[in-house]
Amino acid sequence: MKIAVISGKGGTGKTTVATNLATVMKATYVDCDVEEPNGFIFLKPDIKESLDVTIPVPTIDTDKCNHCKACVDICQFNALIHVDKVMVFEKLCHGCGACQAVCPTLAITEEERPIGRIQIGTYGEEGMACLSGTLNLTEPMAGPIISQLKGRLGQETSLIDCSPGTSCNVVKGLLDATYAILVTEPTAFGLHDLLLAIDLVEQMSIPFGIVINRVHESHNQVSLYCKSKGYTLLGEIPYDRQIATLYSNGELLVRQSQYKAMFHEIADGVKEAMACSSSL
Amino acid sequence: MQLVIISGKGGTGKTTIAASFAYLSQDSIKCDCDVDASNLHIVLGGEDIEREPYIGAKAASIMPDKCIQCGACERMCRYDAIHDFKINPLKCEGCAACTVVCPANAIELKDEVTGDTLVTQTTRGILSRAHMIPGAEGSGKLVTDVRKKAKKYGTDEDLYLLDGTPGVGCAVMASITGCQGALIVVEPTQSGLSDFKRVLSVVHHFKVHPYICINKYDINERITKEIEAFCQEASIEVIGKIPFDTWVDTSINGLKPIVLYEESAAGHAIRDMWHDLQHKIG
């Protein structure tokens, strides 16, 4: 069972919700925000395993190449050009294998090129599983790392901490999710970006609920909007300085009993909403 | 001169600062490069004077009348996008590998509209921006297109203000390349510090001059000092320190740049920072 945590807008508290909720739900935590993974700053797991993520990139055997340029023509990502010989721009390559498939002289083989890393660890006495991926700097493609992370998950309940925004990386995080938690803020920006996130999960037919972070007053424009639309409001996290301080020091909120209770309530809401959506 | 405002982490106050700078420099040309979740137009308002569909990706499509159901495409596809002779557009990368192996020529690549590029005439000048269809691929290319569109409205001498994307990936790199200066907004938190170091490496990689601004510097003065010490060590200038200020929420909800609120300490800090930056970037 995969629960994805997304937010149209960055910095709304996705990681706060995903890490704290994972600990109260005793679920596997998966940091798929591989451009800026922050979950492990809060969970500080014991790292048990660390491995490279690679993608296959073509290498050209110049002896076999007959300069037909079929590989250059088929490449949709402009990763190959022909000037006297075929040259490969590794960072543009998506590792799709089309060039190799199209080459009539079998001049193309593939080599694995690292683009990032995956870390696997455990948190706490009960050994809650934690996974995190990190994209190497100046690498453009986060997708393969997200796919690798998700490929390691089985049937256990897992919380997928997705990238901000609504781009293809968020889609990769959301694929196969049974439920999505949309984290937002009670501001006009928050509402604007929440609508984009709702658009995305509705397109993908994933049932969802909303958590509003940094709430001053319970009758804010976002909660009023959610109520008017009949969306599930899973919970509100108050705007309070103690939370900001705990966060800034890289501490989990559930260490304080009042916040622990708050995340238990959100967890109950998620379980209930998931039970309802699966019985439909 | 192109100045990009970025942050490793989202929600650090990038748009609050970008909107204020945009307001203070009426003649500059603005680009909202945060194409996933563009917010600058919400603050600046104005009217769209140009709108164009953007073809950002390709996706394969199987012609059922030609398909002989041999399964070669499914075996070839490395993105797990083909099952039962159907293509899942959310997984398809448009790489064309399936078209190569199809013996019946039953697969074609089709252009996909992944959003719109827009040019908005605001009271504070031209704003180039985009609306990306949620879930679309290729936001980096869309950022490049937004920047190209902006160039039509100015000359090389003009100041271009770019509101960047969070993260360090494809879209961020497309926001940074070719800029002369990058204002990196960082929050004094453990995760903010970690993200800042990552994005700074990317800025260095593209040989763009970094300026640092610490937002809400007083929420954790210990980490603020850590950031300042790190910057001093690396000979990077901390050009602004903005205090935590509840006026910022008022300005966001009022949809007006914070520099318009006379009582706001954050607004004053941003104004001062803008004057400093202007001298630096000429």
# chains A, B, ... in the order shown; residues from 1 in each chain; ligands from 1

call {"tool": "residues_around", "arguments": {"residues": "region 157-166 of chain B", "least_positions_apart": "3", "cutoff": "7 Å", "atoms": "only C-alpha atoms", "output": "list in words"}}
result
Met1, Gln2, Leu3, Val4, Ile5, Ile6, Ser7, Gly8, Lys9, Gly10, Thr15, Ala18, Ser28, Ile29, Lys30, Cys31, Asp32, Cys33, Asp34, Gly154, Ala171, Val172 and Ser175 of chain B

call {"tool": "interface_residues", "arguments": {"of": "chain A", "to": "chain B", "cutoff": "6 Å", "atoms": "only C-alpha atoms", "output": "list of chain:residue names"}}
result
A:Gly10, A:Gly11, A:Glu35, A:Glu36, A:Asn38, A:Gln76, A:Ala98, A:Pro140, A:Gly165, A:Thr166, A:Ser167, A:Cys168, A:Val171, A:Thr187, A:Ala188, A:Asp193, A:Leu200, A:Ser248, A:Asn249, A:Gly250

call {"tool": "residues_around", "arguments": {"residues": "Pro114 (chain A)", "least_positions_apart": "6", "cutoff": "12 Å", "atoms": "only C-alpha atoms", "output": "list of chain:residue names"}}
result
A:Leu51, A:Asp52, A:Val53, A:Thr54, A:Ile55, A:Pro56, A:Val57, A:Glu90, A:Lys91, A:Gly95, A:Thr134, A:Leu135, A:Asn136, A:Leu137, A:Glu139, A:Met141, A:Ala142, A:Pro144, A:Ile145

call {"tool": "closest_residue", "arguments": {"among": "B:Asp111, B:Asn88, B:Gly46, B:Tyr54", "to": "Thr144 (chain B)", "atoms": "only C-alpha atoms"}}
result
B:Tyr54

call {"tool": "residues_around", "arguments": {"residues": "Arg271 (chain B)", "least_positions_apart": "6", "cutoff": "10 Å", "atoms": "only C-alpha atoms", "output": "MDAnalysis selection string"}}
result
chainID B and resid 17 20:21 24 240 258:260 265 277

call {"tool": "closest_residue", "arguments": {"among": "B:Ala81, B:Glu226, B:Ile107, B:Val185", "to": "Ile212 (chain B)", "atoms": "only C-alpha atoms"}}
result
B:Val185

call {"tool": "select_by_dssp", "arguments": {"residues": "region 134-276 of chain A", "states": "strand (DSSP E or B)", "output": "number ranges by chain"}}
result
A: 134-135, 158-161, 179-184, 208-215, 232-238

call {"tool": "closest_residue", "arguments": {"among": "A:Val30, A:His216, A:Val72, A:Ile115", "to": "Arg241 (chain A)", "atoms": "only C-alpha atoms"}}
result
A:His216

call {"tool": "residues_around", "arguments": {"residues": "Val88 (chain A)", "least_positions_apart": "6", "cutoff": "8 Å", "atoms": "only C-alpha atoms", "output": "list in words"}}
result
Pro58, Thr59, Ala79, Leu80 and Ile81 of chain A

call {"tool": "write_last_selection", "arguments": {"atoms": "N, CA and C atoms", "output": "CSV table (one decimal), in the first residue's frame"}}
result
chain,number,residue,atom,x,y,z
A,58,PRO,N,25.0,4.8,-24.6
A,58,PRO,CA,25.6,4.1,-25.7
A,58,PRO,C,27.1,4.4,-25.8
A,59,THR,N,27.9,3.4,-26.2
A,59,THR,CA,29.2,3.7,-26.7
A,59,THR,C,29.3,3.1,-28.1
A,79,ALA,N,20.8,13.4,-28.0
A,79,ALA,CA,22.0,13.0,-27.2
A,79,ALA,C,23.1,12.5,-28.1
A,80,LEU,N,22.8,12.3,-29.4
A,80,LEU,CA,23.8,11.8,-30.4
A,80,LEU,C,23.9,12.9,-31.5
A,81,ILE,N,25.2,13.2,-31.9
A,81,ILE,CA,25.4,14.0,-33.1
A,81,ILE,C,26.5,13.3,-33.9

call {"tool": "closest_residue", "arguments": {"among": "A:Ala27, A:Cys75, A:His264, A:Asp240", "to": "Cys96 (chain A)", "atoms": "only C-alpha atoms"}}
result
A:Cys75

call {"tool": "atom_distance", "arguments": {"atom1": "CA of Glu47 (chain B)", "atom2": "CA of Thr120 (chain B)"}}
result
5.3 Å

call {"tool": "residues_around", "arguments": {"residues": "Tyr259 (chain A)", "least_positions_apart": "3", "cutoff": "12 Å", "atoms": "only C-alpha atoms", "output": "list in words"}}
result
Thr16, Val17, Asn20, Leu21, Val24, Gly235, Glu236, Ile237, Pro238, Asp240, Gln242, Ile243, Leu246, Leu252, Leu253, Val254, Arg255, Gln256, Met262, Phe263, His264, Glu265 and Ile266 of chain A

call {"tool": "write_last_selection", "arguments": {"atoms": "N, CA, C and O atoms", "output": "PDB file, in the first residue's frame"}}
result
ATOM      1  N   THR A  16       7.730  17.147   6.473  1.00  0.00           N
ATOM      2  CA  THR A  16       7.257  17.130   7.853  1.00  0.00           C
ATOM      3  C   THR A  16       6.126  16.120   8.001  1.00  0.00           C
ATOM      4  O   THR A  16       6.127  15.291   8.915  1.00  0.00           O
ATOM      5  N   VAL A  17       5.172  16.165   7.084  1.00  0.00           N
ATOM      6  CA  VAL A  17       4.037  15.243   7.153  1.00  0.00           C
ATOM      7  C   VAL A  17       4.505  13.811   6.905  1.00  0.00           C
ATOM      8  O   VAL A  17       4.171  12.891   7.665  1.00  0.00           O
ATOM      9  N   ASN A  20       6.890  12.362   9.913  1.00  0.00           N
ATOM     10  CA  ASN A  20       6.185  12.183  11.189  1.00  0.00           C
ATOM     11  C   ASN A  20       5.072  11.148  11.076  1.00  0.00           C
ATOM     12  O   ASN A  20       4.864  10.343  11.976  1.00  0.00           O
ATOM     13  N   LEU A  21       4.371  11.179   9.944  1.00  0.00           N
ATOM     14  CA  LEU A  21       3.280  10.235   9.737  1.00  0.00           C
ATOM     15  C   LEU A  21       3.826   8.810   9.605  1.00  0.00           C
ATOM     16  O   LEU A  21       3.242   7.861  10.119  1.00  0.00           O
ATOM     17  N   VAL A  24       4.415   7.410  13.111  1.00  0.00           N
ATOM     18  CA  VAL A  24       3.224   7.002  13.873  1.00  0.00           C
ATOM     19  C   VAL A  24       2.488   5.851  13.187  1.00  0.00           C
ATOM     20  O   VAL A  24       1.843   5.046  13.850  1.00  0.00           O
ATOM     21  N   GLY A 235      -6.387  17.039   8.247  1.00  0.00           N
ATOM     22  CA  GLY A 235      -5.894  17.681   9.450  1.00  0.00           C
ATOM     23  C   GLY A 235      -5.273  19.024   9.164  1.00  0.00           C
ATOM     24  O   GLY A 235      -5.059  19.391   8.007  1.00  0.00           O
ATOM     25  N   GLU A 236      -5.025  19.757  10.260  1.00  0.00           N
ATOM     26  CA  GLU A 236      -4.387  21.063  10.140  1.00  0.00           C
ATOM     27  C   GLU A 236      -3.220  21.100  11.108  1.00  0.00           C
ATOM     28  O   GLU A 236      -3.334  20.638  12.240  1.00  0.00           O
ATOM     29  N   ILE A 237      -2.105  21.621  10.654  1.00  0.00           N
ATOM     30  CA  ILE A 237      -0.946  21.769  11.536  1.00  0.00           C
ATOM     31  C   ILE A 237      -0.847  23.255  11.871  1.00  0.00           C
ATOM     32  O   ILE A 237      -0.850  24.096  10.978  1.00  0.00           O
ATOM     33  N   PRO A 238      -0.825  23.567  13.159  1.00  0.00           N
ATOM     34  CA  PRO A 238      -0.880  24.986  13.529  1.00  0.00           C
ATOM     35  C   PRO A 238       0.391  25.749  13.158  1.00  0.00           C
ATOM     36  O   PRO A 238       1.460  25.164  12.995  1.00  0.00           O
ATOM     37  N   ASP A 240       2.957  27.583  14.509  1.00  0.00           N
ATOM     38  CA  ASP A 240       3.476  27.938  15.825  1.00  0.00           C
ATOM     39  C   ASP A 240       4.992  27.875  15.838  1.00  0.00           C
ATOM     40  O   ASP A 240       5.620  27.138  15.088  1.00  0.00           O
ATOM     41  N   GLN A 242       7.137  26.953  17.991  1.00  0.00           N
ATOM     42  CA  GLN A 242       7.827  25.765  18.494  1.00  0.00           C
ATOM     43  C   GLN A 242       8.040  24.747  17.367  1.00  0.00           C
ATOM     44  O   GLN A 242       9.080  24.100  17.278  1.00  0.00           O
ATOM     45  N   ILE A 243       7.020  24.643  16.509  1.00  0.00           N
ATOM     46  CA  ILE A 243       7.144  23.732  15.365  1.00  0.00           C
ATOM     47  C   ILE A 243       8.275  24.212  14.451  1.00  0.00           C
ATOM     48  O   ILE A 243       9.118  23.433  14.013  1.00  0.00           O
ATOM     49  N   LEU A 246      11.612  23.362  16.106  1.00  0.00           N
ATOM     50  CA  LEU A 246      11.915  21.933  16.007  1.00  0.00           C
ATOM     51  C   LEU A 246      12.363  21.587  14.585  1.00  0.00           C
ATOM     52  O   LEU A 246      13.361  20.920  14.373  1.00  0.00           O
ATOM     53  N   LEU A 252      12.118  15.675  14.633  1.00  0.00           N
ATOM     54  CA  LEU A 252      10.752  15.227  14.340  1.00  0.00           C
ATOM     55  C   LEU A 252       9.780  15.880  15.318  1.00  0.00           C
ATOM     56  O   LEU A 252      10.099  16.062  16.497  1.00  0.00           O
ATOM     57  N   LEU A 253       8.586  16.222  14.841  1.00  0.00           N
ATOM     58  CA  LEU A 253       7.599  16.842  15.723  1.00  0.00           C
ATOM     59  C   LEU A 253       7.002  15.832  16.695  1.00  0.00           C
ATOM     60  O   LEU A 253       6.601  16.182  17.804  1.00  0.00           O
ATOM     61  N   VAL A 254       6.928  14.548  16.289  1.00  0.00           N
ATOM     62  CA  VAL A 254       6.259  13.544  17.129  1.00  0.00           C
ATOM     63  C   VAL A 254       7.005  13.273  18.441  1.00  0.00           C
ATOM     64  O   VAL A 254       6.506  12.554  19.301  1.00  0.00           O
ATOM     65  N   ARG A 255       8.168  13.868  18.607  1.00  0.00           N
ATOM     66  CA  ARG A 255       8.856  13.731  19.890  1.00  0.00           C
ATOM     67  C   ARG A 255       8.106  14.459  20.996  1.00  0.00           C
ATOM     68  O   ARG A 255       8.307  14.208  22.171  1.00  0.00           O
ATOM     69  N   GLN A 256       7.275  15.410  20.622  1.00  0.00           N
ATOM     70  CA  GLN A 256       6.456  16.133  21.603  1.00  0.00           C
ATOM     71  C   GLN A 256       5.062  15.522  21.580  1.00  0.00           C
ATOM     72  O   GLN A 256       4.485  15.356  20.507  1.00  0.00           O
ATOM     73  N   MET A 262      -1.490  14.757  17.304  1.00  0.00           N
ATOM     74  CA  MET A 262      -1.982  15.374  16.072  1.00  0.00           C
ATOM     75  C   MET A 262      -1.713  14.458  14.863  1.00  0.00           C
ATOM     76  O   MET A 262      -2.597  14.250  14.027  1.00  0.00           O
ATOM     77  N   PHE A 263      -0.532  13.867  14.810  1.00  0.00           N
ATOM     78  CA  PHE A 263      -0.224  12.984  13.671  1.00  0.00           C
ATOM     79  C   PHE A 263      -0.983  11.666  13.757  1.00  0.00           C
ATOM     80  O   PHE A 263      -1.319  11.079  12.729  1.00  0.00           O
ATOM     81  N   HIS A 264      -1.257  11.199  14.996  1.00  0.00           N
ATOM     82  CA  HIS A 264      -2.104  10.006  15.122  1.00  0.00           C
ATOM     83  C   HIS A 264      -3.483  10.279  14.544  1.00  0.00           C
ATOM     84  O   HIS A 264      -4.069   9.423  13.877  1.00  0.00           O
ATOM     85  N   GLU A 265      -3.989  11.479  14.789  1.00  0.00           N
ATOM     86  CA  GLU A 265      -5.308  11.839  14.239  1.00  0.00           C
ATOM     87  C   GLU A 265      -5.277  11.854  12.718  1.00  0.00           C
ATOM     88  O   GLU A 265      -6.192  11.357  12.060  1.00  0.00           O
ATOM     89  N   ILE A 266      -4.212  12.436  12.166  1.00  0.00           N
ATOM     90  CA  ILE A 266      -4.100  12.467  10.700  1.00  0.00           C
ATOM     91  C   ILE A 266      -4.018  11.031  10.165  1.00  0.00           C
ATOM     92  O   ILE A 266      -4.684  10.679   9.196  1.00  0.00           O
TER      93      ILE A 266
END

call {"tool": "select_by_dssp", "arguments": {"residues": "region 24-128 of chain B", "states": "alpha helix (DSSP H)", "output": "list in words"}}
result
Leu24, Leu40, His41, Ile42, Val43, Leu44, Ala72, Cys73, Glu74, Arg75, Met76, Ala97, Cys98, Thr99, Val100 and Val101 of chain B

call {"tool": "closest_residue", "arguments": {"among": "A:Gln203, A:Ala129, A:Val183, A:Lys260", "to": "Val222 (chain A)", "atoms": "only C-alpha atoms"}}
result
A:Val183

call {"tool": "closest_residue", "arguments": {"among": "B:Glu263, B:Val208, B:Leu44, B:Gly56", "to": "Phe77 (chain A)", "atoms": "only C-alpha atoms"}}
result
B:Gly56

call {"tool": "residues_around", "arguments": {"residues": "Leu234 (chain A)", "least_positions_apart": "5", "cutoff": "6 Å", "atoms": "only C-alpha atoms", "output": "PyMOL selection string"}}
result
chain A and resi 209-211+266+269

call {"tool": "write_last_selection", "arguments": {"atoms": "N, CA and C atoms", "output": "PDB file, in the first residue's frame"}}
result
ATOM      1  N   GLY A 209      -6.630  13.161   0.232  1.00  0.00           N
ATOM      2  CA  GLY A 209      -7.071  14.010   1.330  1.00  0.00           C
ATOM      3  C   GLY A 209      -6.067  15.139   1.487  1.00  0.00           C
ATOM      4  N   ILE A 210      -6.484  16.174   2.230  1.00  0.00           N
ATOM      5  CA  ILE A 210      -5.661  17.389   2.286  1.00  0.00           C
ATOM      6  C   ILE A 210      -5.224  17.689   3.721  1.00  0.00           C
ATOM      7  N   VAL A 211      -3.972  18.064   3.886  1.00  0.00           N
ATOM      8  CA  VAL A 211      -3.467  18.549   5.174  1.00  0.00           C
ATOM      9  C   VAL A 211      -3.053  20.005   4.965  1.00  0.00           C
ATOM     10  N   ILE A 266      -4.212  12.436  12.166  1.00  0.00           N
ATOM     11  CA  ILE A 266      -4.100  12.467  10.700  1.00  0.00           C
ATOM     12  C   ILE A 266      -4.018  11.031  10.165  1.00  0.00           C
ATOM     13  N   GLY A 269      -7.311   9.470  10.110  1.00  0.00           N
ATOM     14  CA  GLY A 269      -8.070  10.021   8.983  1.00  0.00           C
ATOM     15  C   GLY A 269      -7.680   9.368   7.673  1.00  0.00           C
TER      16      GLY A 269
END
